[in-house]
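Participant: Sharing a structure here in structure tokens format.
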Amino acid sequence: MPKIPNPPERYTPDWLASLDGRTQVAQILRQRQQDLCDDLGGLTQLSYQQRALIDRALFLEFHLQQEEMKLASGAEFDAGRWVQSCNALLGVFKTLGLQRQAKTLPALQQYVKAKQ
């Protein structure tokens, strides 16, 4: 499957992996994904459900920003779509949790052994 420069209009489960990693958009979104995973205790601590919600949160956030750029530039802005997306994003964030979670680290002996 060819890599695409920007997120698609409609959500698909593999949308983030389908982005061309050389683009600024892909790099920013992947950094946000990493930041969100880290805030929730690290990727290895997350369930499938949490990872799926993270992808959806990133998708919603991107589309909210696109709508806000339309508003700022005077282009046609759909306030109803923006409100609906904003409410959906809030629901996803509430489900994931709004507080940072401590990352579970291996014991020092396990860490040293793994590095040898």
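Letters for chains follow the order of the structure tokens (A, B, ...), residue numbers begin at 1 for each chain, and ligand numbers begin at 1 in the order shown.
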Using only C-alpha atoms, which residues sit within 10 Å of range 21-26 of chain A once same-chain residues fewer than 3 positions away are excluded, as a list in words?
Facilitator: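 Everything that qualifies: Lys3, Ile4, Pro5, Asn6, Pro7, Leu16, Ala17, Ser18, Leu29, Arg30, Gln31, Arg32 and Phe62 of chain A.
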Participant: So which residues of chain A fall under helix (DSSP H, G or I) by DSSP, listed as number ranges by chain?
Facilitator: A: 24-39, 43-45, 48-73, 79-96, 108-115
Participant: At a cut-off of 12 Å, using only C-alpha atoms, what residues contact Phe93 in chain A? Leave out same-chain residues fewer than 6 positions from it and give the result as an MDAnalysis selection string.
Facilitator: chainID A and resid 36 39:40 50 53:58 60:61 86:87 99:100
Participant: Nearest residue to Thr44 in chain A out of A:Lys94, A:Lys115, A:Lys103, A:Arg10, using only C-alpha atoms?
Facilitator: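 Of A:Lys94, A:Lys115, A:Lys103, A:Arg10, the one nearest Thr44 in chain A is A:Lys103, counting only C-alpha atoms.
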Participant: One number please: CA of Tyr48 in chain A to CA of Gln65 in chain A, in Å, one decimal.
Facilitator: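 Pair CA of Tyr48 in chain A / CA of Gln65 in chain A returns 26.1 Å.
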Participant: What does the structure give for the distance between CA of Trp82 in chain A and CA of Gln66 in chain A, in Å to one decimal?
Facilitator: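 CA of Trp82 in chain A sits 9.6 Å away from CA of Gln66 in chain A.
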Participant: At what distance in Å, to one decimal, does CA of Gly41 in chain A lie from CA of Thr104 in chain A?
Facilitator: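 Between these atoms lies a distance of 6.8 Å.
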Participant: So, with only C-alpha atoms as the atoms that count, which of A:Pro2, A:Leu71, A:Thr95, A:Gly42 lies closest to Trp15 in chain A?
Facilitator: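 Ranked by minimum distance to Trp15 in chain A, first place goes to A:Pro2.
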Participant: Taking into account only C-alpha atoms, which residue in the set A:Val112, A:Leu64, A:Ile28, A:Ala102 is nearest to Val83 in chain A?
Facilitator: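 Of the candidates, the smallest distance to Val83 in chain A is held by A:Leu64.
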